[in-house]
$ cat run_1.txt   # compact mmCIF, N, CA and C atoms
# COMPACT_ATOMS: atom_id res chain seq x y z
N MET A 1 8.37 -1.08 -10.76
CA MET A 1 8.32 0.00 -9.79
C MET A 1 9.42 -0.18 -8.73
N PHE A 2 9.51 -1.40 -8.17
CA PHE A 2 10.55 -1.63 -7.16
C PHE A 2 11.94 -1.48 -7.75
N LEU A 3 12.10 -1.93 -9.00
CA LEU A 3 13.39 -1.79 -9.65
C LEU A 3 13.76 -0.32 -9.80
N ALA A 4 12.81 0.49 -10.22
CA ALA A 4 13.07 1.91 -10.40
C ALA A 4 13.48 2.56 -9.08
N ILE A 5 12.83 2.17 -8.01
CA ILE A 5 13.18 2.72 -6.69
C ILE A 5 14.59 2.29 -6.31
N ARG A 6 14.88 1.01 -6.49
CA ARG A 6 16.22 0.54 -6.13
C ARG A 6 17.29 1.16 -7.01
N GLU A 7 16.99 1.36 -8.29
CA GLU A 7 17.95 2.02 -9.17
C GLU A 7 18.22 3.45 -8.71
N ARG A 8 17.16 4.17 -8.34
CA ARG A 8 17.33 5.55 -7.86
C ARG A 8 18.16 5.59 -6.58
N LEU A 9 17.85 4.70 -5.64
CA LEU A 9 18.60 4.67 -4.38
C LEU A 9 20.08 4.34 -4.64
N ALA A 10 20.33 3.32 -5.45
CA ALA A 10 21.71 2.92 -5.72
C ALA A 10 22.47 4.03 -6.44
N LYS A 11 21.80 4.72 -7.35
CA LYS A 11 22.44 5.81 -8.08
C LYS A 11 22.70 7.01 -7.18
N SER A 12 21.79 7.24 -6.22
CA SER A 12 21.93 8.40 -5.34
C SER A 12 23.10 8.25 -4.37
N ASP A 13 23.48 7.02 -4.07
CA ASP A 13 24.57 6.78 -3.13
C ASP A 13 25.33 5.52 -3.55
N PRO A 14 26.21 5.66 -4.54
CA PRO A 14 26.95 4.51 -5.05
C PRO A 14 27.83 3.83 -3.99
N ALA A 15 28.13 4.52 -2.92
CA ALA A 15 28.97 3.93 -1.87
C ALA A 15 28.14 3.09 -0.89
N ASN A 16 26.83 3.13 -1.00
CA ASN A 16 25.97 2.36 -0.09
C ASN A 16 25.90 0.92 -0.61
N ALA A 17 26.71 0.06 -0.01
CA ALA A 17 26.81 -1.33 -0.46
C ALA A 17 25.49 -2.07 -0.33
N GLY A 18 24.72 -1.76 0.68
CA GLY A 18 23.43 -2.42 0.86
C GLY A 18 22.48 -2.12 -0.29
N TRP A 19 22.43 -0.87 -0.71
CA TRP A 19 21.55 -0.51 -1.81
C TRP A 19 22.07 -1.12 -3.12
N GLN A 20 23.39 -1.16 -3.26
CA GLN A 20 23.96 -1.78 -4.46
C GLN A 20 23.60 -3.26 -4.51
N ARG A 21 23.70 -3.95 -3.38
CA ARG A 21 23.37 -5.37 -3.34
C ARG A 21 21.89 -5.57 -3.62
N ASP A 22 21.05 -4.73 -3.04
CA ASP A 22 19.61 -4.84 -3.29
C ASP A 22 19.31 -4.72 -4.78
N LEU A 23 19.99 -3.81 -5.46
CA LEU A 23 19.78 -3.63 -6.89
C LEU A 23 20.24 -4.87 -7.65
N SER A 24 21.38 -5.43 -7.25
CA SER A 24 21.87 -6.65 -7.90
C SER A 24 20.88 -7.80 -7.74
N VAL A 25 20.34 -7.96 -6.55
CA VAL A 25 19.35 -9.01 -6.30
C VAL A 25 18.10 -8.77 -7.14
N SER A 26 17.71 -7.52 -7.30
CA SER A 26 16.54 -7.21 -8.14
C SER A 26 16.79 -7.65 -9.58
N TYR A 27 17.97 -7.34 -10.10
CA TYR A 27 18.30 -7.77 -11.47
C TYR A 27 18.27 -9.30 -11.58
N GLU A 28 18.76 -9.97 -10.55
CA GLU A 28 18.76 -11.44 -10.55
C GLU A 28 17.33 -11.98 -10.58
N ARG A 29 16.47 -11.42 -9.77
CA ARG A 29 15.08 -11.90 -9.71
C ARG A 29 14.34 -11.61 -11.01
N ILE A 30 14.61 -10.47 -11.60
CA ILE A 30 14.01 -10.17 -12.90
C ILE A 30 14.51 -11.17 -13.94
N GLY A 31 15.81 -11.46 -13.89
CA GLY A 31 16.36 -12.48 -14.79
C GLY A 31 15.68 -13.81 -14.61
N ASP A 32 15.43 -14.21 -13.38
CA ASP A 32 14.73 -15.47 -13.11
C ASP A 32 13.35 -15.48 -13.76
N ALA A 33 12.62 -14.38 -13.63
CA ALA A 33 11.28 -14.29 -14.21
C ALA A 33 11.35 -14.34 -15.73
N LEU A 34 12.34 -13.68 -16.30
CA LEU A 34 12.48 -13.69 -17.75
C LEU A 34 12.85 -15.07 -18.27
N VAL A 35 13.68 -15.80 -17.55
CA VAL A 35 14.00 -17.18 -17.93
C VAL A 35 12.72 -18.01 -17.93
N ALA A 36 11.91 -17.86 -16.90
CA ALA A 36 10.67 -18.62 -16.80
C ALA A 36 9.73 -18.32 -17.97
N GLN A 37 9.84 -17.12 -18.52
CA GLN A 37 9.01 -16.73 -19.67
C GLN A 37 9.66 -17.10 -21.00
N GLY A 38 10.87 -17.66 -20.93
CA GLY A 38 11.57 -18.03 -22.15
C GLY A 38 12.24 -16.86 -22.85
N ARG A 39 12.37 -15.75 -22.16
CA ARG A 39 12.98 -14.53 -22.74
C ARG A 39 14.46 -14.50 -22.36
N LEU A 40 15.20 -15.44 -22.92
CA LEU A 40 16.58 -15.67 -22.50
C LEU A 40 17.53 -14.50 -22.76
N PRO A 41 17.50 -13.86 -23.93
CA PRO A 41 18.42 -12.73 -24.12
C PRO A 41 18.20 -11.61 -23.09
N GLU A 42 16.94 -11.34 -22.79
CA GLU A 42 16.64 -10.30 -21.80
C GLU A 42 17.06 -10.74 -20.40
N ALA A 43 16.85 -12.03 -20.11
CA ALA A 43 17.28 -12.56 -18.82
C ALA A 43 18.78 -12.45 -18.67
N LEU A 44 19.48 -12.80 -19.73
CA LEU A 44 20.94 -12.73 -19.69
C LEU A 44 21.42 -11.31 -19.42
N GLN A 45 20.78 -10.33 -20.05
CA GLN A 45 21.17 -8.94 -19.82
C GLN A 45 20.90 -8.54 -18.37
N SER A 46 19.78 -8.96 -17.83
CA SER A 46 19.47 -8.63 -16.44
C SER A 46 20.49 -9.27 -15.50
N TYR A 47 20.80 -10.53 -15.75
CA TYR A 47 21.82 -11.20 -14.93
C TYR A 47 23.17 -10.48 -15.04
N ARG A 48 23.52 -10.09 -16.24
CA ARG A 48 24.82 -9.41 -16.41
C ARG A 48 24.84 -8.05 -15.71
N ASP A 49 23.69 -7.36 -15.69
CA ASP A 49 23.62 -6.10 -14.93
C ASP A 49 23.88 -6.37 -13.45
N GLY A 50 23.27 -7.44 -12.93
CA GLY A 50 23.50 -7.81 -11.54
C GLY A 50 24.92 -8.29 -11.30
N LEU A 51 25.47 -9.00 -12.27
CA LEU A 51 26.84 -9.50 -12.17
C LEU A 51 27.83 -8.36 -12.03
N ALA A 52 27.64 -7.31 -12.80
CA ALA A 52 28.55 -6.16 -12.73
C ALA A 52 28.57 -5.57 -11.33
N ILE A 53 27.42 -5.46 -10.72
CA ILE A 53 27.34 -4.92 -9.35
C ILE A 53 27.98 -5.89 -8.37
N SER A 54 27.67 -7.18 -8.49
CA SER A 54 28.24 -8.18 -7.58
C SER A 54 29.75 -8.22 -7.69
N GLU A 55 30.27 -8.08 -8.90
CA GLU A 55 31.73 -8.06 -9.07
C GLU A 55 32.35 -6.87 -8.35
N ARG A 56 31.72 -5.70 -8.47
CA ARG A 56 32.25 -4.51 -7.78
C ARG A 56 32.25 -4.71 -6.28
N LEU A 57 31.14 -5.23 -5.75
CA LEU A 57 31.06 -5.44 -4.31
C LEU A 57 32.10 -6.46 -3.84
N ALA A 58 32.23 -7.55 -4.56
CA ALA A 58 33.19 -8.60 -4.17
C ALA A 58 34.62 -8.07 -4.23
N ARG A 59 34.92 -7.26 -5.24
CA ARG A 59 36.27 -6.67 -5.33
C ARG A 59 36.52 -5.67 -4.22
N SER A 60 35.48 -4.96 -3.81
CA SER A 60 35.65 -3.92 -2.79
C SER A 60 35.96 -4.50 -1.41
N ASP A 61 35.55 -5.76 -1.18
CA ASP A 61 35.79 -6.40 0.11
C ASP A 61 35.95 -7.90 -0.11
N PRO A 62 37.15 -8.32 -0.54
CA PRO A 62 37.37 -9.74 -0.86
C PRO A 62 37.14 -10.67 0.34
N GLY A 63 37.19 -10.15 1.53
CA GLY A 63 36.97 -10.97 2.72
C GLY A 63 35.50 -11.15 3.09
N ASN A 64 34.61 -10.50 2.36
CA ASN A 64 33.19 -10.60 2.65
C ASN A 64 32.65 -11.85 1.96
N ALA A 65 32.50 -12.91 2.73
CA ALA A 65 32.07 -14.20 2.17
C ALA A 65 30.68 -14.12 1.56
N GLY A 66 29.81 -13.31 2.12
CA GLY A 66 28.47 -13.16 1.57
C GLY A 66 28.49 -12.59 0.16
N TRP A 67 29.32 -11.57 -0.05
CA TRP A 67 29.40 -10.98 -1.38
C TRP A 67 30.07 -11.93 -2.37
N GLN A 68 31.04 -12.70 -1.86
CA GLN A 68 31.68 -13.69 -2.73
C GLN A 68 30.66 -14.75 -3.14
N SER A 69 29.86 -15.19 -2.19
CA SER A 69 28.82 -16.18 -2.49
C SER A 69 27.79 -15.62 -3.46
N ASP A 70 27.38 -14.37 -3.26
CA ASP A 70 26.45 -13.73 -4.20
C ASP A 70 27.02 -13.73 -5.61
N LEU A 71 28.30 -13.43 -5.72
CA LEU A 71 28.95 -13.40 -7.03
C LEU A 71 28.93 -14.77 -7.68
N ALA A 72 29.22 -15.80 -6.92
CA ALA A 72 29.19 -17.16 -7.47
C ALA A 72 27.79 -17.51 -7.96
N VAL A 73 26.77 -17.13 -7.21
CA VAL A 73 25.38 -17.42 -7.60
C VAL A 73 25.05 -16.73 -8.92
N VAL A 74 25.45 -15.48 -9.07
CA VAL A 74 25.13 -14.79 -10.31
C VAL A 74 25.88 -15.43 -11.48
N HIS A 75 27.12 -15.85 -11.25
CA HIS A 75 27.84 -16.58 -12.31
C HIS A 75 27.05 -17.82 -12.72
N SER A 76 26.46 -18.51 -11.74
CA SER A 76 25.70 -19.72 -12.06
C SER A 76 24.48 -19.37 -12.92
N LYS A 77 23.82 -18.28 -12.61
CA LYS A 77 22.62 -17.89 -13.36
C LYS A 77 22.97 -17.46 -14.78
N VAL A 78 24.06 -16.71 -14.92
CA VAL A 78 24.51 -16.33 -16.26
C VAL A 78 24.85 -17.60 -17.04
N GLY A 79 25.55 -18.52 -16.39
CA GLY A 79 25.92 -19.77 -17.04
C GLY A 79 24.73 -20.58 -17.50
N VAL A 80 23.72 -20.68 -16.66
CA VAL A 80 22.52 -21.45 -17.02
C VAL A 80 21.81 -20.79 -18.21
N ALA A 81 21.69 -19.47 -18.20
CA ALA A 81 21.05 -18.78 -19.32
C ALA A 81 21.83 -19.01 -20.61
N LEU A 82 23.15 -18.91 -20.53
CA LEU A 82 23.97 -19.14 -21.72
C LEU A 82 23.83 -20.58 -22.22
N LYS A 83 23.80 -21.51 -21.30
CA LYS A 83 23.66 -22.92 -21.66
C LYS A 83 22.33 -23.15 -22.38
N LYS A 84 21.26 -22.55 -21.86
CA LYS A 84 19.94 -22.69 -22.49
C LYS A 84 19.92 -22.06 -23.88
N MET A 85 20.79 -21.08 -24.10
CA MET A 85 20.87 -20.42 -25.40
C MET A 85 21.81 -21.16 -26.34
N GLY A 86 22.38 -22.26 -25.87
CA GLY A 86 23.29 -23.04 -26.70
C GLY A 86 24.71 -22.54 -26.73
N GLN A 87 25.04 -21.61 -25.87
CA GLN A 87 26.39 -21.03 -25.82
C GLN A 87 27.20 -21.76 -24.74
N THR A 88 27.51 -23.03 -25.02
CA THR A 88 28.10 -23.89 -23.99
C THR A 88 29.50 -23.46 -23.56
N ALA A 89 30.31 -22.96 -24.48
CA ALA A 89 31.66 -22.53 -24.10
C ALA A 89 31.61 -21.34 -23.14
N SER A 90 30.74 -20.39 -23.43
CA SER A 90 30.60 -19.22 -22.55
C SER A 90 29.98 -19.63 -21.22
N ALA A 91 29.02 -20.57 -21.28
CA ALA A 91 28.41 -21.06 -20.04
C ALA A 91 29.47 -21.71 -19.16
N ARG A 92 30.32 -22.50 -19.78
CA ARG A 92 31.39 -23.17 -19.03
C ARG A 92 32.30 -22.16 -18.33
N GLU A 93 32.62 -21.07 -19.00
CA GLU A 93 33.45 -20.03 -18.39
C GLU A 93 32.79 -19.48 -17.12
N GLU A 94 31.49 -19.27 -17.18
CA GLU A 94 30.76 -18.78 -16.01
C GLU A 94 30.77 -19.81 -14.89
N PHE A 95 30.57 -21.08 -15.25
CA PHE A 95 30.57 -22.14 -14.24
C PHE A 95 31.95 -22.27 -13.60
N VAL A 96 33.00 -22.14 -14.39
CA VAL A 96 34.37 -22.21 -13.85
C VAL A 96 34.59 -21.05 -12.88
N ALA A 97 34.17 -19.85 -13.27
CA ALA A 97 34.35 -18.67 -12.40
C ALA A 97 33.61 -18.85 -11.08
N GLY A 98 32.36 -19.31 -11.16
CA GLY A 98 31.58 -19.53 -9.95
C GLY A 98 32.16 -20.63 -9.09
N ARG A 99 32.64 -21.70 -9.73
CA ARG A 99 33.22 -22.82 -8.99
C ARG A 99 34.47 -22.39 -8.23
N MET A 100 35.29 -21.56 -8.86
CA MET A 100 36.51 -21.10 -8.19
C MET A 100 36.17 -20.35 -6.91
N ILE A 101 35.16 -19.51 -6.99
CA ILE A 101 34.74 -18.75 -5.81
C ILE A 101 34.22 -19.69 -4.74
N MET A 102 33.34 -20.63 -5.13
CA MET A 102 32.76 -21.55 -4.15
C MET A 102 33.83 -22.45 -3.53
N ALA A 103 34.80 -22.90 -4.32
CA ALA A 103 35.86 -23.75 -3.79
C ALA A 103 36.64 -23.00 -2.71
N THR A 104 36.91 -21.74 -2.94
CA THR A 104 37.62 -20.93 -1.94
C THR A 104 36.77 -20.78 -0.68
N LEU A 105 35.47 -20.52 -0.86
CA LEU A 105 34.60 -20.36 0.30
C LEU A 105 34.51 -21.66 1.10
N VAL A 106 34.40 -22.79 0.42
CA VAL A 106 34.33 -24.09 1.12
C VAL A 106 35.64 -24.36 1.85
N GLU A 107 36.74 -24.04 1.22
CA GLU A 107 38.05 -24.23 1.87
C GLU A 107 38.16 -23.39 3.13
N GLN A 108 37.65 -22.17 3.09
CA GLN A 108 37.73 -21.26 4.24
C GLN A 108 36.68 -21.58 5.31
N ASN A 109 35.59 -22.23 4.90
CA ASN A 109 34.47 -22.51 5.80
C ASN A 109 33.99 -23.95 5.58
N PRO A 110 34.79 -24.94 5.92
CA PRO A 110 34.45 -26.33 5.58
C PRO A 110 33.19 -26.86 6.25
N GLY A 111 32.70 -26.19 7.26
CA GLY A 111 31.52 -26.68 7.96
C GLY A 111 30.19 -26.24 7.35
N LEU A 112 30.22 -25.39 6.33
CA LEU A 112 28.98 -24.88 5.76
C LEU A 112 28.47 -25.81 4.65
N ALA A 113 27.47 -26.58 4.99
CA ALA A 113 26.93 -27.58 4.06
C ALA A 113 26.34 -26.94 2.80
N GLU A 114 25.73 -25.77 2.94
CA GLU A 114 25.11 -25.12 1.78
C GLU A 114 26.15 -24.79 0.72
N TRP A 115 27.31 -24.31 1.16
CA TRP A 115 28.35 -23.98 0.19
C TRP A 115 28.94 -25.24 -0.43
N LYS A 116 29.02 -26.31 0.34
CA LYS A 116 29.47 -27.59 -0.23
C LYS A 116 28.49 -28.05 -1.30
N LYS A 117 27.21 -27.87 -1.03
CA LYS A 117 26.18 -28.24 -2.01
C LYS A 117 26.31 -27.38 -3.27
N ASP A 118 26.57 -26.10 -3.09
CA ASP A 118 26.76 -25.20 -4.24
C ASP A 118 27.98 -25.60 -5.05
N LEU A 119 29.05 -25.96 -4.36
CA LEU A 119 30.26 -26.40 -5.06
C LEU A 119 29.98 -27.67 -5.86
N ALA A 120 29.24 -28.60 -5.29
CA ALA A 120 28.88 -29.83 -6.00
C ALA A 120 28.03 -29.51 -7.23
N TRP A 121 27.16 -28.51 -7.11
CA TRP A 121 26.34 -28.11 -8.26
C TRP A 121 27.23 -27.65 -9.40
N PHE A 122 28.21 -26.80 -9.08
CA PHE A 122 29.14 -26.33 -10.13
C PHE A 122 29.90 -27.51 -10.73
N ASP A 123 30.36 -28.43 -9.88
CA ASP A 123 31.07 -29.61 -10.38
C ASP A 123 30.19 -30.40 -11.34
N ASN A 124 28.92 -30.53 -11.00
CA ASN A 124 27.97 -31.25 -11.86
C ASN A 124 27.81 -30.55 -13.21
N GLN A 125 27.72 -29.24 -13.19
CA GLN A 125 27.59 -28.49 -14.45
C GLN A 125 28.82 -28.68 -15.33
N LEU A 126 29.98 -28.70 -14.70
CA LEU A 126 31.23 -28.82 -15.46
C LEU A 126 31.48 -30.26 -15.93
N ALA A 127 30.86 -31.23 -15.27
CA ALA A 127 31.03 -32.63 -15.66
C ALA A 127 30.08 -33.05 -16.76
N GLY A 128 29.07 -32.24 -17.01
CA GLY A 128 28.05 -32.60 -17.99
C GLY A 128 28.53 -32.42 -19.42
N PRO A 129 27.64 -32.66 -20.38
CA PRO A 129 27.97 -32.50 -21.80
C PRO A 129 28.46 -31.09 -22.10
N GLY A 130 29.34 -30.99 -23.06
CA GLY A 130 29.87 -29.69 -23.47
C GLY A 130 31.10 -29.26 -22.70
N ARG A 131 31.67 -30.19 -21.92
CA ARG A 131 32.85 -29.78 -21.16
C ARG A 131 34.09 -29.73 -21.99

$ encode --input "run_1.txt" --output "structure tokens"
Amino acid sequence: MFLAIRERLAKSDPANAGWQRDLSVSYERIGDALVAQGRLPEALQSYRDGLAISERLARSDPGNAGWQSDLAVVHSKVGVALKKMGQTASAREEFVAGRMIMATLVEQNPGLAEWKKDLAWFDNQLAGPGR
């Protein structure tokens, strides 16, 4: 129900970045629930739907650190789903994409511990098996 409402709002005003972001977050949360249920292909599709929106938002305002961070997070979720599906090469591509974004954010904002932690997470994923 909430997804349908957010989809209608986002469709009614594609220029409303807030509604677009809300829809992206909804897709991410649905993906999280689907992963928890073991429904990985469906989770991956939900994450990719959110990723498409996050990419548009990040491209529309490259200086918006929040949107850049959102994009990195969705890359991480797509990567984790792919990794769980055994698609390690594709997962690695997502981790590399997310890491690049986080590295830039940490460089621009060295005092933000949360982003440093996120960058370390990406480094850990890339250092693990399948690299």

$ closest_residue --input "run_1.txt" --among "A:Gln108, A:Gln37, A:Gln87, A:Ser54" --to "A:Leu71" --atoms "all atoms listed in the file"
A:Ser54

$ closest_atom_pairs --input "run_1.txt" --of "stretch 38-70 of chain A" --to "stretch 22-33 of chain A" --cutoff "6.5 Å" --atoms "only N, CA and C atoms" --output "CSV"
residue,atom,partner,partner_atom,distance
A:Gly38,N,A:Ala33,C,6.2
A:Glu42,C,A:Gly31,CA,5.9
A:Ala43,CA,A:Gly31,CA,4.1
A:Leu44,N,A:Gly31,CA,5.9
A:Ser46,C,A:Tyr27,C,4.5
A:Tyr47,N,A:Gly31,CA,4.9
A:Asp49,C,A:Ser24,CA,5.9
A:Gly50,CA,A:Ser24,CA,4.2
A:Leu51,N,A:Ser24,CA,6.1
A:Ile53,CA,A:Ser24,CA,5.9
A:Ser54,N,A:Ser24,CA,5.9

$ write_last_selection --input "run_1.txt" --atoms "N, CA and C atoms" --output "PDB file, keeping the file's coordinate frame"
ATOM      1  N   GLY A  38      10.870 -17.660 -20.930  1.00  0.00           N
ATOM      2  CA  GLY A  38      11.570 -18.030 -22.150  1.00  0.00           C
ATOM      3  C   GLY A  38      12.240 -16.860 -22.850  1.00  0.00           C
ATOM      4  N   GLU A  42      16.940 -11.340 -22.790  1.00  0.00           N
ATOM      5  CA  GLU A  42      16.640 -10.300 -21.800  1.00  0.00           C
ATOM      6  C   GLU A  42      17.060 -10.740 -20.400  1.00  0.00           C
ATOM      7  N   ALA A  43      16.850 -12.030 -20.110  1.00  0.00           N
ATOM      8  CA  ALA A  43      17.280 -12.560 -18.820  1.00  0.00           C
ATOM      9  C   ALA A  43      18.780 -12.450 -18.670  1.00  0.00           C
ATOM     10  N   LEU A  44      19.480 -12.800 -19.730  1.00  0.00           N
ATOM     11  CA  LEU A  44      20.940 -12.730 -19.690  1.00  0.00           C
ATOM     12  C   LEU A  44      21.420 -11.310 -19.420  1.00  0.00           C
ATOM     13  N   SER A  46      19.780  -8.960 -17.830  1.00  0.00           N
ATOM     14  CA  SER A  46      19.470  -8.630 -16.440  1.00  0.00           C
ATOM     15  C   SER A  46      20.490  -9.270 -15.500  1.00  0.00           C
ATOM     16  N   TYR A  47      20.800 -10.530 -15.750  1.00  0.00           N
ATOM     17  CA  TYR A  47      21.820 -11.200 -14.930  1.00  0.00           C
ATOM     18  C   TYR A  47      23.170 -10.480 -15.040  1.00  0.00           C
ATOM     19  N   ASP A  49      23.690  -7.360 -15.690  1.00  0.00           N
ATOM     20  CA  ASP A  49      23.620  -6.100 -14.930  1.00  0.00           C
ATOM     21  C   ASP A  49      23.880  -6.370 -13.450  1.00  0.00           C
ATOM     22  N   GLY A  50      23.270  -7.440 -12.930  1.00  0.00           N
ATOM     23  CA  GLY A  50      23.500  -7.810 -11.540  1.00  0.00           C
ATOM     24  C   GLY A  50      24.920  -8.290 -11.300  1.00  0.00           C
ATOM     25  N   LEU A  51      25.470  -9.000 -12.270  1.00  0.00           N
ATOM     26  CA  LEU A  51      26.840  -9.500 -12.170  1.00  0.00           C
ATOM     27  C   LEU A  51      27.830  -8.360 -12.030  1.00  0.00           C
ATOM     28  N   ILE A  53      27.420  -5.460 -10.720  1.00  0.00           N
ATOM     29  CA  ILE A  53      27.340  -4.920  -9.350  1.00  0.00           C
ATOM     30  C   ILE A  53      27.980  -5.890  -8.370  1.00  0.00           C
ATOM     31  N   SER A  54      27.670  -7.180  -8.490  1.00  0.00           N
ATOM     32  CA  SER A  54      28.240  -8.180  -7.580  1.00  0.00           C
ATOM     33  C   SER A  54      29.750  -8.220  -7.690  1.00  0.00           C
TER      34      SER A  54
END

$ residues_around --input "run_1.txt" --residues "A:Lys116" --least-positions-apart "6" --cutoff "8 Å" --atoms "all atoms listed in the file" --output "tab-separated table (two decimals) with N, CA and C atoms, in the frame of the given file"
chain	number	residue	atom	x	y	z
A	102	MET	N	33.34	-20.63	-5.13
A	102	MET	CA	32.76	-21.55	-4.15
A	102	MET	C	33.83	-22.45	-3.53
A	105	LEU	N	35.47	-20.52	-0.86
A	105	LEU	CA	34.60	-20.36	0.30
A	105	LEU	C	34.51	-21.66	1.10
A	106	VAL	N	34.40	-22.79	0.42
A	106	VAL	CA	34.33	-24.09	1.12
A	106	VAL	C	35.64	-24.36	1.85
A	109	ASN	N	35.59	-22.23	4.90
A	109	ASN	CA	34.47	-22.51	5.80
A	109	ASN	C	33.99	-23.95	5.58
A	110	PRO	N	34.79	-24.94	5.92
A	110	PRO	CA	34.45	-26.33	5.58
A	110	PRO	C	33.19	-26.86	6.25
A	122	PHE	N	28.21	-26.80	-9.08
A	122	PHE	CA	29.14	-26.33	-10.13
A	122	PHE	C	29.90	-27.51	-10.73

$ atom_distance --input "run_1.txt" --atom1 "atom CA of A:Arg56" --atom2 "atom C of A:Val74"
13.2 Å

$ atom_distance --input "run_1.txt" --atom1 "atom N of A:Asp123" --atom2 "atom C of A:Gly18"
29.1 Å

$ residues_around --input "run_1.txt" --residues "A:Gly98" --least-positions-apart "2" --cutoff "8 Å" --atoms "only N, CA and C atoms" --output "list in words"
Leu71, Ala72, Val73, Val74, His75, Ser76, Arg92, Glu93, Glu94, Phe95, Val96, Met100, Ile101, Met102, Ala103, Thr104, Asp118, Leu119 and Phe122 of chain A

$ closest_residue --input "run_1.txt" --among "A:Ala15, A:Met85, A:Leu57, A:Ala91" --to "A:Pro41" --atoms "all atoms listed in the file"
A:Met85

$ residues_near_point --input "run_1.txt" --point "(26.6, -19.6, -0.1)" --cutoff "6 Å" --atoms "all atoms listed in the file" --output "mmCIF file with N, CA and C atoms, in the frame of the given file"
data_model
loop_
_atom_site.group_PDB
_atom_site.id
_atom_site.type_symbol
_atom_site.label_atom_id
_atom_site.label_comp_id
_atom_site.auth_asym_id
_atom_site.auth_seq_id
_atom_site.Cartn_x
_atom_site.Cartn_y
_atom_site.Cartn_z
ATOM 1 N N SER A 69 29.860 -15.190 -2.190
ATOM 2 C CA SER A 69 28.820 -16.180 -2.490
ATOM 3 C C SER A 69 27.790 -15.620 -3.460
ATOM 4 N N GLU A 114 25.730 -25.770 2.940
ATOM 5 C CA GLU A 114 25.110 -25.120 1.780
ATOM 6 C C GLU A 114 26.150 -24.790 0.720
ATOM 7 N N TRP A 115 27.310 -24.310 1.160
ATOM 8 C CA TRP A 115 28.350 -23.980 0.190
ATOM 9 C C TRP A 115 28.940 -25.240 -0.430
#

$ atom_distance --input "run_1.txt" --atom1 "atom CA of A:Gln45" --atom2 "atom CA of A:Trp67"
20.3 Å
